[in-house]
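Source file: query_25.cif. Holds: mmCIF, N, CA and C atoms.
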data_structure
#
loop_
_atom_site.label_atom_id
_atom_site.label_comp_id
_atom_site.auth_asym_id
_atom_site.auth_seq_id
_atom_site.Cartn_x
_atom_site.Cartn_y
_atom_site.Cartn_z
N MET J 12 101.97 74.81 90.22
CA MET J 12 102.28 76.17 90.65
C MET J 12 103.32 76.83 89.75
N LYS J 13 103.91 76.10 88.86
CA LYS J 13 104.91 76.69 87.99
C LYS J 13 104.31 77.60 86.93
N ASP J 14 102.98 77.65 86.84
CA ASP J 14 102.32 78.49 85.85
C ASP J 14 102.10 79.92 86.34
N VAL J 15 102.55 80.25 87.55
CA VAL J 15 102.35 81.60 88.10
C VAL J 15 103.36 82.55 87.46
N ASP J 16 102.86 83.61 86.84
CA ASP J 16 103.72 84.61 86.21
C ASP J 16 103.84 85.88 87.05
N ILE J 17 102.83 86.16 87.86
CA ILE J 17 102.83 87.39 88.66
C ILE J 17 102.45 87.05 90.09
N LEU J 18 103.29 87.46 91.03
CA LEU J 18 103.03 87.30 92.45
C LEU J 18 102.76 88.69 93.03
N VAL J 19 101.60 88.87 93.63
CA VAL J 19 101.25 90.15 94.26
C VAL J 19 101.16 89.92 95.77
N ASN J 20 102.07 90.54 96.50
CA ASN J 20 102.05 90.50 97.96
C ASN J 20 101.33 91.75 98.44
N ASN J 21 100.09 91.56 98.92
CA ASN J 21 99.25 92.71 99.25
C ASN J 21 98.61 92.60 100.64
N ALA J 22 98.86 91.54 101.36
CA ALA J 22 98.26 91.39 102.69
C ALA J 22 99.11 92.11 103.73
N ALA J 23 98.47 92.70 104.71
CA ALA J 23 99.21 93.39 105.76
C ALA J 23 98.36 93.46 107.02
N LEU J 24 99.05 93.63 108.12
CA LEU J 24 98.41 93.72 109.42
C LEU J 24 99.16 94.75 110.24
N GLY J 25 98.47 95.48 111.06
CA GLY J 25 99.10 96.44 111.97
C GLY J 25 98.24 96.62 113.20
N GLU J 26 98.89 96.84 114.32
CA GLU J 26 98.17 97.10 115.56
C GLU J 26 97.94 98.60 115.68
N ARG J 27 96.72 98.95 116.02
CA ARG J 27 96.39 100.37 116.20
C ARG J 27 96.37 100.69 117.68
N LYS J 28 97.53 100.58 118.28
CA LYS J 28 97.68 100.96 119.68
C LYS J 28 99.11 101.40 119.92
N GLN J 29 99.36 101.99 121.05
CA GLN J 29 100.71 102.47 121.33
C GLN J 29 101.69 101.29 121.34
N TRP J 30 102.84 101.50 120.77
CA TRP J 30 103.80 100.42 120.59
C TRP J 30 104.25 99.82 121.92
N LEU J 31 104.21 100.58 122.99
CA LEU J 31 104.61 100.04 124.29
C LEU J 31 103.62 98.99 124.81
N THR J 32 102.42 98.98 124.28
CA THR J 32 101.41 98.02 124.73
C THR J 32 101.28 96.81 123.80
N VAL J 33 102.02 96.80 122.70
CA VAL J 33 101.98 95.66 121.78
C VAL J 33 102.73 94.49 122.41
N THR J 34 102.08 93.34 122.45
CA THR J 34 102.72 92.16 123.04
C THR J 34 103.68 91.52 122.03
N THR J 35 104.53 90.68 122.53
CA THR J 35 105.47 89.97 121.66
C THR J 35 104.72 89.09 120.66
N ASP J 36 103.66 88.44 121.11
CA ASP J 36 102.87 87.60 120.19
C ASP J 36 102.21 88.44 119.09
N GLU J 37 101.69 89.61 119.45
CA GLU J 37 101.10 90.50 118.43
C GLU J 37 102.17 90.93 117.44
N TRP J 38 103.35 91.29 117.94
CA TRP J 38 104.46 91.71 117.07
C TRP J 38 104.85 90.59 116.11
N ARG J 39 104.95 89.37 116.63
CA ARG J 39 105.32 88.24 115.77
C ARG J 39 104.28 87.98 114.69
N SER J 40 103.01 88.12 115.04
CA SER J 40 101.94 87.94 114.03
C SER J 40 102.05 88.97 112.93
N ILE J 41 102.32 90.19 113.32
CA ILE J 41 102.47 91.28 112.34
C ILE J 41 103.67 91.00 111.43
N MET J 42 104.79 90.65 112.01
CA MET J 42 106.00 90.40 111.22
C MET J 42 105.83 89.18 110.32
N MET J 43 105.11 88.15 110.82
CA MET J 43 104.90 86.96 110.01
C MET J 43 104.10 87.29 108.75
N LEU J 44 103.03 88.06 108.90
CA LEU J 44 102.21 88.39 107.75
C LEU J 44 102.87 89.44 106.86
N ASN J 45 103.44 90.48 107.47
CA ASN J 45 103.96 91.60 106.69
C ASN J 45 105.31 91.32 106.05
N LEU J 46 106.15 90.51 106.67
CA LEU J 46 107.50 90.28 106.14
C LEU J 46 107.78 88.83 105.78
N GLU J 47 107.45 87.93 106.67
CA GLU J 47 107.80 86.53 106.42
C GLU J 47 106.98 85.92 105.28
N ALA J 48 105.70 86.22 105.23
CA ALA J 48 104.85 85.65 104.17
C ALA J 48 105.33 86.05 102.77
N PRO J 49 105.59 87.35 102.50
CA PRO J 49 106.10 87.70 101.17
C PRO J 49 107.46 87.05 100.87
N PHE J 50 108.29 86.92 101.89
CA PHE J 50 109.60 86.28 101.71
C PHE J 50 109.43 84.82 101.30
N VAL J 51 108.59 84.09 102.03
CA VAL J 51 108.38 82.67 101.73
C VAL J 51 107.70 82.49 100.37
N LEU J 52 106.69 83.30 100.10
CA LEU J 52 106.01 83.20 98.81
C LEU J 52 106.97 83.49 97.65
N SER J 53 107.85 84.46 97.85
CA SER J 53 108.84 84.77 96.81
C SER J 53 109.80 83.60 96.60
N GLN J 54 110.19 82.94 97.69
CA GLN J 54 111.08 81.79 97.56
C GLN J 54 110.42 80.66 96.79
N VAL J 55 109.11 80.53 96.92
CA VAL J 55 108.38 79.48 96.22
C VAL J 55 108.16 79.83 94.75
N PHE J 56 107.75 81.07 94.47
CA PHE J 56 107.29 81.41 93.12
C PHE J 56 108.35 82.06 92.22
N VAL J 57 109.39 82.66 92.77
CA VAL J 57 110.37 83.34 91.93
C VAL J 57 111.27 82.35 91.16
N PRO J 58 111.75 81.26 91.75
CA PRO J 58 112.61 80.37 90.97
C PRO J 58 112.00 79.89 89.65
N PRO J 59 110.72 79.48 89.61
CA PRO J 59 110.15 79.12 88.30
C PRO J 59 110.09 80.31 87.34
N MET J 60 109.88 81.52 87.87
CA MET J 60 109.88 82.71 87.01
C MET J 60 111.25 82.92 86.40
N VAL J 61 112.28 82.75 87.21
CA VAL J 61 113.66 82.91 86.72
C VAL J 61 113.94 81.84 85.68
N GLU J 62 113.49 80.63 85.95
CA GLU J 62 113.68 79.53 85.01
C GLU J 62 113.03 79.82 83.65
N LYS J 63 111.82 80.41 83.69
CA LYS J 63 111.10 80.76 82.45
C LYS J 63 111.64 82.04 81.82
N LYS J 64 112.46 82.77 82.59
CA LYS J 64 112.98 84.08 82.18
C LYS J 64 111.87 85.10 82.01
N TRP J 65 110.81 84.93 82.80
CA TRP J 65 109.73 85.92 82.81
C TRP J 65 108.91 85.76 84.07
N GLY J 66 108.54 86.89 84.64
CA GLY J 66 107.69 86.90 85.82
C GLY J 66 107.80 88.24 86.51
N ARG J 67 106.87 88.50 87.39
CA ARG J 67 106.84 89.77 88.13
C ARG J 67 106.47 89.50 89.57
N VAL J 68 107.09 90.27 90.48
CA VAL J 68 106.71 90.27 91.89
C VAL J 68 106.35 91.70 92.24
N ILE J 69 105.15 91.87 92.72
CA ILE J 69 104.66 93.20 93.09
C ILE J 69 104.41 93.20 94.60
N ASN J 70 105.16 94.02 95.32
CA ASN J 70 104.99 94.16 96.76
C ASN J 70 104.27 95.48 97.03
N ILE J 71 103.11 95.38 97.65
CA ILE J 71 102.29 96.55 97.94
C ILE J 71 102.28 96.78 99.44
N SER J 72 102.49 98.01 99.84
CA SER J 72 102.40 98.35 101.26
C SER J 72 101.53 99.59 101.41
N SER J 73 101.16 99.86 102.62
CA SER J 73 100.34 101.03 102.89
C SER J 73 101.22 102.26 103.11
N ILE J 74 100.60 103.37 103.28
CA ILE J 74 101.32 104.62 103.56
C ILE J 74 102.11 104.51 104.86
N TYR J 75 101.69 103.62 105.75
CA TYR J 75 102.39 103.48 107.02
C TYR J 75 103.81 102.97 106.85
N GLY J 76 104.07 102.33 105.74
CA GLY J 76 105.44 101.92 105.46
C GLY J 76 106.37 103.09 105.21
N LEU J 77 105.79 104.27 104.94
CA LEU J 77 106.60 105.45 104.66
C LEU J 77 106.62 106.44 105.81
N ILE J 78 105.62 106.43 106.68
CA ILE J 78 105.53 107.49 107.68
C ILE J 78 106.00 107.10 109.07
N VAL J 79 106.39 105.84 109.28
CA VAL J 79 106.79 105.42 110.62
C VAL J 79 108.16 105.95 111.00
N GLY J 80 108.94 106.34 110.06
CA GLY J 80 110.28 106.84 110.38
C GLY J 80 111.20 106.69 109.19
N ASP J 81 112.46 106.65 109.46
CA ASP J 81 113.48 106.52 108.43
C ASP J 81 113.37 105.14 107.77
N PRO J 82 113.03 105.08 106.47
CA PRO J 82 112.88 103.78 105.80
C PRO J 82 114.13 102.92 105.86
N SER J 83 115.31 103.52 106.00
CA SER J 83 116.52 102.71 106.08
C SER J 83 116.58 101.94 107.40
N LEU J 84 115.84 102.39 108.40
CA LEU J 84 115.80 101.69 109.68
C LEU J 84 114.69 100.66 109.73
N TYR J 85 113.65 100.85 108.94
CA TYR J 85 112.48 99.98 108.97
C TYR J 85 112.21 99.39 107.60
N GLY J 86 113.23 99.06 106.89
CA GLY J 86 113.09 98.66 105.49
C GLY J 86 112.86 97.19 105.26
N GLY J 87 111.91 96.59 105.96
CA GLY J 87 111.63 95.17 105.77
C GLY J 87 111.30 94.82 104.34
N TRP J 88 110.48 95.64 103.70
CA TRP J 88 110.11 95.39 102.30
C TRP J 88 111.33 95.47 101.41
N VAL J 89 112.24 96.40 101.73
CA VAL J 89 113.46 96.53 100.92
C VAL J 89 114.28 95.26 101.04
N LEU J 90 114.34 94.69 102.24
CA LEU J 90 115.10 93.46 102.43
C LEU J 90 114.53 92.32 101.60
N ILE J 91 113.23 92.33 101.38
CA ILE J 91 112.59 91.28 100.58
C ILE J 91 112.68 91.61 99.10
N SER J 92 112.43 92.86 98.74
CA SER J 92 112.31 93.23 97.33
C SER J 92 113.63 93.22 96.58
N ARG J 93 114.68 93.73 97.16
CA ARG J 93 115.95 93.81 96.44
C ARG J 93 116.50 92.46 96.05
N PRO J 94 116.58 91.48 96.98
CA PRO J 94 117.11 90.18 96.55
C PRO J 94 116.22 89.52 95.48
N THR J 95 114.92 89.71 95.58
CA THR J 95 114.02 89.14 94.57
C THR J 95 114.31 89.74 93.21
N SER J 96 114.51 91.05 93.17
CA SER J 96 114.83 91.72 91.91
C SER J 96 116.15 91.22 91.34
N ARG J 97 117.13 91.09 92.20
CA ARG J 97 118.44 90.65 91.72
C ARG J 97 118.41 89.22 91.22
N ALA J 98 117.60 88.38 91.89
CA ALA J 98 117.52 86.97 91.46
C ALA J 98 116.97 86.88 90.04
N SER J 99 116.06 87.77 89.72
CA SER J 99 115.45 87.71 88.37
C SER J 99 116.40 88.20 87.30
N MET J 100 117.46 88.92 87.69
CA MET J 100 118.41 89.41 86.70
C MET J 100 119.49 88.39 86.40
N GLY J 101 119.50 87.31 87.16
CA GLY J 101 120.47 86.23 86.88
C GLY J 101 121.66 86.42 87.63
#

I need this file expressed as structure tokens, please.
Amino acid sequence: MKDVDILVNNAALGERKQWLTVTTDEWRSIMMLNLEAPFVLSQVFVPPMVEKKWGRVINISSIYGLIVGDPSLYGGWVLISRPTSRASMG
């Protein structure tokens, strides 16, 4: 796995129903795929990239990441992306 130069996080899940009807299990599934998976994958693949001094992490989200409200309140991707970027800078 140390031969990976580019990690693309592109999987996502969302419930298409009113948020008051979303169950805790549905919420956890969404958070696991949308936030935890990219976090874990980055922890696995970024250290070898840093070691090689080359690599890229591309996090892709849908438009819903921008229209749900204030991104500073719902910035899960930001929480994942910024530390990954900083780690690559040394």

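Atom pair atom N of J:Asn45 / atom CA of J:Lys64 has a distance of 27.8 Å (rounded to one decimal).
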
All residues 6.5 Å or closer to J:Ile71, only N, CA and C atoms, same chain fewer than 3 positions away omitted, as a list in words: Val19, Asn20 and Asn21 of chain J

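Here atom CA of J:Leu24 is placed at a distance of 14.3 Å from atom CA of J:Asn70.
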
Nearest to J:Val15, chosen from J:Phe56, J:Val61, J:Asp36, J:Ile69, with only C-alpha atoms counted in the distances: J:Phe56

Distance in Å - atom CA of J:Val57 versus atom CA of J:Trp38: 27.1 Å

Expected answer as an NGL selection string: helix (DSSP H, G or I) residues in stretch 16-86 of chain J: :J and (30-32 or 35-63 or 75-78)

Set up a box along x, y and z of the file covering all listed atoms of stretch 27-45 of chain J, add 6 Å on every one of the six sides, and write the centre and edge lengths in Å to one decimal, as AutoDock Vina command-line options.
--center_x 101.2 --center_y 94.7 --center_z 115.4 --size_x 21.6 --size_y 27.5 --size_z 30.8

Test item: residues at most 8 Å from J:Ile41, all atoms listed in the file, excluding those fewer than 4 positions along its chain, as a PyMOL selection string: chain J and resi 23-26+35-37+45-47

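Using only C-alpha atoms for every distance, the candidate list J:Val55, J:Ser72, J:Met43, J:Glu62 yields J:Val55 as the residue closest to J:Leu18.
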
Where atoms are missing, can you supply all heavy atoms for stretch 17-28 of chain J and output the lot as a PDB file, keeping the file's coordinate frame?
ATOM      1  N   ILE J  17     102.830  86.160  87.860  1.00  0.00           N
ATOM      2  CA  ILE J  17     102.830  87.390  88.660  1.00  0.00           C
ATOM      3  C   ILE J  17     102.450  87.050  90.090  1.00  0.00           C
ATOM      4  O   ILE J  17     101.420  86.427  90.343  1.00  0.00           O
ATOM      5  CB  ILE J  17     101.832  88.414  88.085  1.00  0.00           C
ATOM      6  CG1 ILE J  17     102.203  88.760  86.650  1.00  0.00           C
ATOM      7  CG2 ILE J  17     101.806  89.672  88.951  1.00  0.00           C
ATOM      8  CD1 ILE J  17     101.169  89.593  85.922  1.00  0.00           C
ATOM      9  N   LEU J  18     103.290  87.460  91.030  1.00  0.00           N
ATOM     10  CA  LEU J  18     103.030  87.300  92.450  1.00  0.00           C
ATOM     11  C   LEU J  18     102.760  88.690  93.030  1.00  0.00           C
ATOM     12  O   LEU J  18     103.599  89.591  92.891  1.00  0.00           O
ATOM     13  CB  LEU J  18     104.234  86.669  93.163  1.00  0.00           C
ATOM     14  CG  LEU J  18     104.207  86.663  94.690  1.00  0.00           C
ATOM     15  CD1 LEU J  18     103.031  85.856  95.217  1.00  0.00           C
ATOM     16  CD2 LEU J  18     105.526  86.131  95.236  1.00  0.00           C
ATOM     17  N   VAL J  19     101.600  88.870  93.630  1.00  0.00           N
ATOM     18  CA  VAL J  19     101.250  90.150  94.260  1.00  0.00           C
ATOM     19  C   VAL J  19     101.160  89.920  95.770  1.00  0.00           C
ATOM     20  O   VAL J  19     100.292  89.186  96.237  1.00  0.00           O
ATOM     21  CB  VAL J  19      99.908  90.700  93.723  1.00  0.00           C
ATOM     22  CG1 VAL J  19      99.562  92.008  94.420  1.00  0.00           C
ATOM     23  CG2 VAL J  19      99.977  90.892  92.224  1.00  0.00           C
ATOM     24  N   ASN J  20     102.070  90.540  96.500  1.00  0.00           N
ATOM     25  CA  ASN J  20     102.050  90.500  97.960  1.00  0.00           C
ATOM     26  C   ASN J  20     101.330  91.750  98.440  1.00  0.00           C
ATOM     27  O   ASN J  20     101.860  92.848  98.373  1.00  0.00           O
ATOM     28  CB  ASN J  20     103.480  90.453  98.517  1.00  0.00           C
ATOM     29  CG  ASN J  20     104.171  89.162  98.179  1.00  0.00           C
ATOM     30  OD1 ASN J  20     103.651  88.093  98.422  1.00  0.00           O
ATOM     31  ND2 ASN J  20     105.359  89.264  97.605  1.00  0.00           N
ATOM     32  N   ASN J  21     100.090  91.560  98.920  1.00  0.00           N
ATOM     33  CA  ASN J  21      99.250  92.710  99.250  1.00  0.00           C
ATOM     34  C   ASN J  21      98.610  92.600 100.640  1.00  0.00           C
ATOM     35  O   ASN J  21      97.854  93.463 101.031  1.00  0.00           O
ATOM     36  CB  ASN J  21      98.158  92.872  98.183  1.00  0.00           C
ATOM     37  CG  ASN J  21      97.389  94.157  98.334  1.00  0.00           C
ATOM     38  OD1 ASN J  21      97.924  95.168  98.754  1.00  0.00           O
ATOM     39  ND2 ASN J  21      96.120  94.121  98.002  1.00  0.00           N
ATOM     40  N   ALA J  22      98.860  91.540 101.360  1.00  0.00           N
ATOM     41  CA  ALA J  22      98.260  91.390 102.690  1.00  0.00           C
ATOM     42  C   ALA J  22      99.110  92.110 103.730  1.00  0.00           C
ATOM     43  O   ALA J  22     100.331  92.150 103.624  1.00  0.00           O
ATOM     44  CB  ALA J  22      98.158  89.906 103.046  1.00  0.00           C
ATOM     45  N   ALA J  23      98.470  92.700 104.710  1.00  0.00           N
ATOM     46  CA  ALA J  23      99.210  93.390 105.760  1.00  0.00           C
ATOM     47  C   ALA J  23      98.360  93.460 107.020  1.00  0.00           C
ATOM     48  O   ALA J  23      97.143  93.377 106.975  1.00  0.00           O
ATOM     49  CB  ALA J  23      99.619  94.778 105.318  1.00  0.00           C
ATOM     50  N   LEU J  24      99.050  93.630 108.120  1.00  0.00           N
ATOM     51  CA  LEU J  24      98.410  93.720 109.420  1.00  0.00           C
ATOM     52  C   LEU J  24      99.160  94.750 110.240  1.00  0.00           C
ATOM     53  O   LEU J  24     100.386  94.862 110.135  1.00  0.00           O
ATOM     54  CB  LEU J  24      98.467  92.348 110.111  1.00  0.00           C
ATOM     55  CG  LEU J  24      97.927  92.227 111.517  1.00  0.00           C
ATOM     56  CD1 LEU J  24      96.408  92.399 111.500  1.00  0.00           C
ATOM     57  CD2 LEU J  24      98.304  90.879 112.102  1.00  0.00           C
ATOM     58  N   GLY J  25      98.470  95.480 111.060  1.00  0.00           N
ATOM     59  CA  GLY J  25      99.100  96.440 111.970  1.00  0.00           C
ATOM     60  C   GLY J  25      98.240  96.620 113.200  1.00  0.00           C
ATOM     61  O   GLY J  25      97.019  96.548 113.139  1.00  0.00           O
ATOM     62  N   GLU J  26      98.890  96.840 114.320  1.00  0.00           N
ATOM     63  CA  GLU J  26      98.170  97.100 115.560  1.00  0.00           C
ATOM     64  C   GLU J  26      97.940  98.600 115.680  1.00  0.00           C
ATOM     65  O   GLU J  26      98.835  99.393 115.462  1.00  0.00           O
ATOM     66  CB  GLU J  26      98.973  96.616 116.768  1.00  0.00           C
ATOM     67  CG  GLU J  26      99.010  95.124 116.915  1.00  0.00           C
ATOM     68  CD  GLU J  26      97.653  94.537 117.283  1.00  0.00           C
ATOM     69  OE1 GLU J  26      96.798  95.247 117.852  1.00  0.00           O
ATOM     70  OE2 GLU J  26      97.448  93.353 116.979  1.00  0.00           O
ATOM     71  N   ARG J  27      96.720  98.950 116.020  1.00  0.00           N
ATOM     72  CA  ARG J  27      96.390 100.370 116.200  1.00  0.00           C
ATOM     73  C   ARG J  27      96.370 100.690 117.680  1.00  0.00           C
ATOM     74  O   ARG J  27      95.333 100.977 118.264  1.00  0.00           O
ATOM     75  CB  ARG J  27      95.058 100.688 115.566  1.00  0.00           C
ATOM     76  CG  ARG J  27      95.132 100.603 114.066  1.00  0.00           C
ATOM     77  CD  ARG J  27      93.839 101.027 113.457  1.00  0.00           C
ATOM     78  NE  ARG J  27      94.014 101.012 112.020  1.00  0.00           N
ATOM     79  CZ  ARG J  27      93.505 101.905 111.222  1.00  0.00           C
ATOM     80  NH1 ARG J  27      92.776 102.879 111.697  1.00  0.00           N
ATOM     81  NH2 ARG J  27      93.714 101.827 109.933  1.00  0.00           N
ATOM     82  N   LYS J  28      97.530 100.580 118.280  1.00  0.00           N
ATOM     83  CA  LYS J  28      97.680 100.960 119.680  1.00  0.00           C
ATOM     84  C   LYS J  28      99.110 101.400 119.920  1.00  0.00           C
ATOM     85  O   LYS J  28      99.975 101.202 119.050  1.00  0.00           O
ATOM     86  CB  LYS J  28      97.273  99.831 120.613  1.00  0.00           C
ATOM     87  CG  LYS J  28      98.022  98.535 120.461  1.00  0.00           C
ATOM     88  CD  LYS J  28      97.386  97.504 121.381  1.00  0.00           C
ATOM     89  CE  LYS J  28      98.121  96.201 121.400  1.00  0.00           C
ATOM     90  NZ  LYS J  28      97.494  95.244 122.298  1.00  0.00           N
TER      91      LYS J  28
END
